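Q: Handing over model33.pdb, PDB, C-alpha atoms.
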MODEL        1
ATOM      1  CA  MET A 820      95.736 101.602 121.943
ATOM      2  CA  THR A 821      99.017 102.400 120.240
ATOM      3  CA  GLU A 822     102.333 101.178 121.622
ATOM      4  CA  ALA A 823     102.975 104.760 122.767
ATOM      5  CA  GLY A 824      99.734 104.736 124.766
ATOM      6  CA  LEU A 825      97.356 106.715 122.540
ATOM      7  CA  GLU A 826      93.786 105.415 122.710
ATOM      8  CA  VAL A 827      92.073 105.682 119.310
ATOM      9  CA  LEU A 828      88.377 105.131 118.634
ATOM     10  CA  VAL A 829      87.188 104.934 115.016
ATOM     11  CA  HIS A 830      83.420 105.228 114.570
ATOM     12  CA  ILE A 831      82.086 104.579 111.064
ATOM     13  CA  GLY A 832      78.769 106.234 110.294
ATOM     14  CA  LEU A 833      76.491 108.227 112.570
ATOM     15  CA  ASP A 834      73.465 106.732 114.306
ATOM     16  CA  THR A 835      74.287 103.290 112.872
ATOM     17  CA  VAL A 836      73.822 101.275 116.083
ATOM     18  CA  SER A 837      70.202 100.591 115.131
ATOM     19  CA  LEU A 838      71.474  98.804 111.998
ATOM     20  CA  GLU A 839      72.709  96.019 114.322
ATOM     21  CA  GLY A 840      76.064  95.706 112.561
ATOM     22  CA  LYS A 841      74.565  94.537 109.262
ATOM     23  CA  PRO A 842      76.447  96.942 106.939
ATOM     24  CA  PHE A 843      79.804  96.171 108.611
ATOM     25  CA  THR A 844      82.284  93.315 108.322
ATOM     26  CA  VAL A 845      84.917  93.397 111.077
ATOM     27  CA  HIS A 846      88.306  91.952 110.069
ATOM     28  CA  VAL A 847      90.078  92.056 113.462
ATOM     29  CA  ALA A 848      89.328  90.760 116.944
ATOM     30  CA  GLU A 849      89.183  92.881 120.080
ATOM     31  CA  GLY A 850      92.659  93.172 121.574
ATOM     32  CA  GLN A 851      94.372  92.115 118.341
ATOM     33  CA  LYS A 852      97.580  93.979 117.466
ATOM     34  CA  VAL A 853      97.230  95.956 114.225
ATOM     35  CA  ALA A 854      99.553  98.112 112.147
ATOM     36  CA  ALA A 855      99.030 101.187 109.988
ATOM     37  CA  GLY A 856      97.328 100.111 106.782
ATOM     38  CA  ASP A 857      95.701  96.967 108.231
ATOM     39  CA  LEU A 858      92.090  96.437 107.157
ATOM     40  CA  LEU A 859      89.944  96.778 110.284
ATOM     41  CA  VAL A 860      86.381  97.047 108.962
ATOM     42  CA  THR A 861      84.568  96.961 105.646
ATOM     43  CA  ALA A 862      81.481  99.179 105.618
ATOM     44  CA  ASP A 863      78.723  99.004 103.020
ATOM     45  CA  LEU A 864      78.275 102.753 102.616
ATOM     46  CA  ASP A 865      75.372 102.332 100.184
ATOM     47  CA  ALA A 866      73.474 100.262 102.769
ATOM     48  CA  ILE A 867      74.166 102.890 105.432
ATOM     49  CA  ARG A 868      72.894 105.636 103.134
ATOM     50  CA  ALA A 869      69.847 103.528 102.182
ATOM     51  CA  ALA A 870      69.000 103.365 105.899
ATOM     52  CA  ASP A 871      69.075 107.187 105.991
ATOM     53  CA  ARG A 872      72.224 107.268 108.120
ATOM     54  CA  GLU A 873      75.298 109.467 107.757
ATOM     55  CA  THR A 874      78.475 107.768 106.465
ATOM     56  CA  SER A 875      81.016 110.098 108.116
ATOM     57  CA  THR A 876      83.835 108.421 110.007
ATOM     58  CA  VAL A 877      84.822 109.959 113.329
ATOM     59  CA  VAL A 878      88.277 109.430 114.857
ATOM     60  CA  VAL A 879      88.456 110.147 118.585
ATOM     61  CA  PHE A 880      91.465 110.083 120.923
ATOM     62  CA  THR A 881      89.922 108.937 124.192
ATOM     63  CA  ASN A 882      92.753 109.633 126.632
ATOM     64  CA  ALA A 883      93.084 113.383 126.194
ATOM     65  CA  GLU A 884      95.040 113.736 129.444
ATOM     66  CA  ALA A 885      98.003 111.947 127.786
ATOM     67  CA  ILE A 886      98.038 114.193 124.705
ATOM     68  CA  LYS A 887     100.355 117.198 124.420
ATOM     69  CA  SER A 888      99.133 118.311 120.989
ATOM     70  CA  VAL A 889      97.047 117.282 117.994
ATOM     71  CA  LYS A 890      97.661 118.718 114.539
ATOM     72  CA  LEU A 891      94.816 118.065 112.114
ATOM     73  CA  GLU A 892      96.324 117.215 108.729
ATOM     74  CA  GLN A 893      93.261 116.457 106.561
ATOM     75  CA  THR A 894      89.471 116.644 106.675
ATOM     76  CA  GLY A 895      86.690 115.797 104.271
ATOM     77  CA  SER A 896      86.377 112.829 101.941
ATOM     78  CA  LEU A 897      89.746 111.072 101.878
ATOM     79  CA  ALA A 898      91.332 108.022 100.326
ATOM     80  CA  ALA A 899      92.151 104.989 102.439
ATOM     81  CA  LYS A 900      95.451 105.135 104.356
ATOM     82  CA  THR A 901      95.488 108.957 104.404
ATOM     83  CA  ALA A 902      96.943 110.409 107.606
ATOM     84  CA  VAL A 903      94.384 112.695 109.217
ATOM     85  CA  ALA A 904      96.241 113.937 112.289
ATOM     86  CA  LYS A 905      99.586 113.986 114.076
ATOM     87  CA  VAL A 906      99.433 113.443 117.817
ATOM     88  CA  GLU A 907     102.202 114.247 120.302
ATOM     89  CA  LEU A 908     102.087 112.432 123.643
TER      90      LEU A 908
ENDMDL
END
Would you encode the structure as structure tokens?

A:
Amino acid sequence: MTEAGLEVLVHIGLDTVSLEGKPFTVHVAEGQKVAAGDLLVTADLDAIRAADRETSTVVVFTNAEAIKSVKLEQTGSLAAKTAVAKVEL
């Protein structure tokens, strides 16, 4: 959750739960305060692909009732630290 109250869920890969976390290294603890640009997770995309899973990353805002607007800035394959949306609460 951001300081402004936006709840953000980042899901790396599709149908990866069955991989039991093996292609992921988590660099933060639950509840830890993070800032833009902080490394949260390292994902072995080759291992995910080798398991016949999709490597797309999905960003979800889970408290839609608090959101006034969302402007999608970028889609597709993007470099790290690229802003993908602007959210107004």

Q: Once the PyMOL selection byres ((chain A and resi 845) around 7) has been evaluated on this model, what residues remain selected, and can you format them as a list in words?

A: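 Applied to this file, the PyMOL selection byres ((chain A and resi 845) around 7) returns Phe843, Thr844, His846, Val847, Leu859, Val860 and Thr861 of chain A.
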
Q: Pull the neighbourhood of (99.7, 112.4, 112.4) for me: all residues within 10 Å in file coordinates, counting only C-alpha atoms, as a list in words.

A: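 Applying the cut-off with only C-alpha atoms, one gets Val889, Lys890, Leu891, Glu892, Gln893, Thr901, Ala902, Val903, Ala904, Lys905, Val906 and Glu907 of chain A.
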
Q: For the structure provided, state which residues fall under the PyMOL selection byres ((chain A and resi 855) around 12), and present them as a PDB file with C-alpha atoms, in the frame of the given file.

A:
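Saved file out_36.pdb follows:
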ATOM      1  CA  THR A 821      99.017 102.400 120.240  1.00  0.00           C
ATOM      2  CA  LYS A 852      97.580  93.979 117.466  1.00  0.00           C
ATOM      3  CA  VAL A 853      97.230  95.956 114.225  1.00  0.00           C
ATOM      4  CA  ALA A 854      99.553  98.112 112.147  1.00  0.00           C
ATOM      5  CA  GLY A 856      97.328 100.111 106.782  1.00  0.00           C
ATOM      6  CA  ASP A 857      95.701  96.967 108.231  1.00  0.00           C
ATOM      7  CA  LEU A 858      92.090  96.437 107.157  1.00  0.00           C
ATOM      8  CA  LEU A 859      89.944  96.778 110.284  1.00  0.00           C
ATOM      9  CA  ALA A 899      92.151 104.989 102.439  1.00  0.00           C
ATOM     10  CA  LYS A 900      95.451 105.135 104.356  1.00  0.00           C
ATOM     11  CA  THR A 901      95.488 108.957 104.404  1.00  0.00           C
ATOM     12  CA  ALA A 902      96.943 110.409 107.606  1.00  0.00           C
TER      13      ALA A 902
END

Q: Ala869 of chain A: which residues within 12 Å, counting all atoms listed in the file, same-chain residues fewer than 5 positions away excluded, as a ChimeraX atom specification?

A: /A:835,838,842,863-864,874

Q: Got a sec: who's within 6 Å of Leu908 of chain A, counting all atoms listed in the file, leaving out chain neighbours fewer than 4 positions off, as a list in words?

A: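 Near Leu908 of chain A, the qualifying residues are Ala885, Ile886 and Lys887 of chain A.
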
Q: Take the residues that were just selected and, keeping C-alpha atoms, output them as a PDB file, in the coordinates of the input.

A:
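Result went into again-v2.pdb, see below:
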ATOM      1  CA  ALA A 885      98.003 111.947 127.786  1.00  0.00           C
ATOM      2  CA  ILE A 886      98.038 114.193 124.705  1.00  0.00           C
ATOM      3  CA  LYS A 887     100.355 117.198 124.420  1.00  0.00           C
TER       4      LYS A 887
END

Q: Work out how far atom CA of Leu828 of chain A is from atom CA of Ile867 of chain A, in Å to one decimal.

A: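 Taking atom CA of Ile867 of chain A and atom CA of Leu828 of chain A, their separation equals 19.5 Å.
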
Q: Report as number ranges by chain the full result of the PyMOL selection byres ((chain A and resi 833) around 9) when it is applied to this structure.

A: A: 830-832, 834-836, 872-877
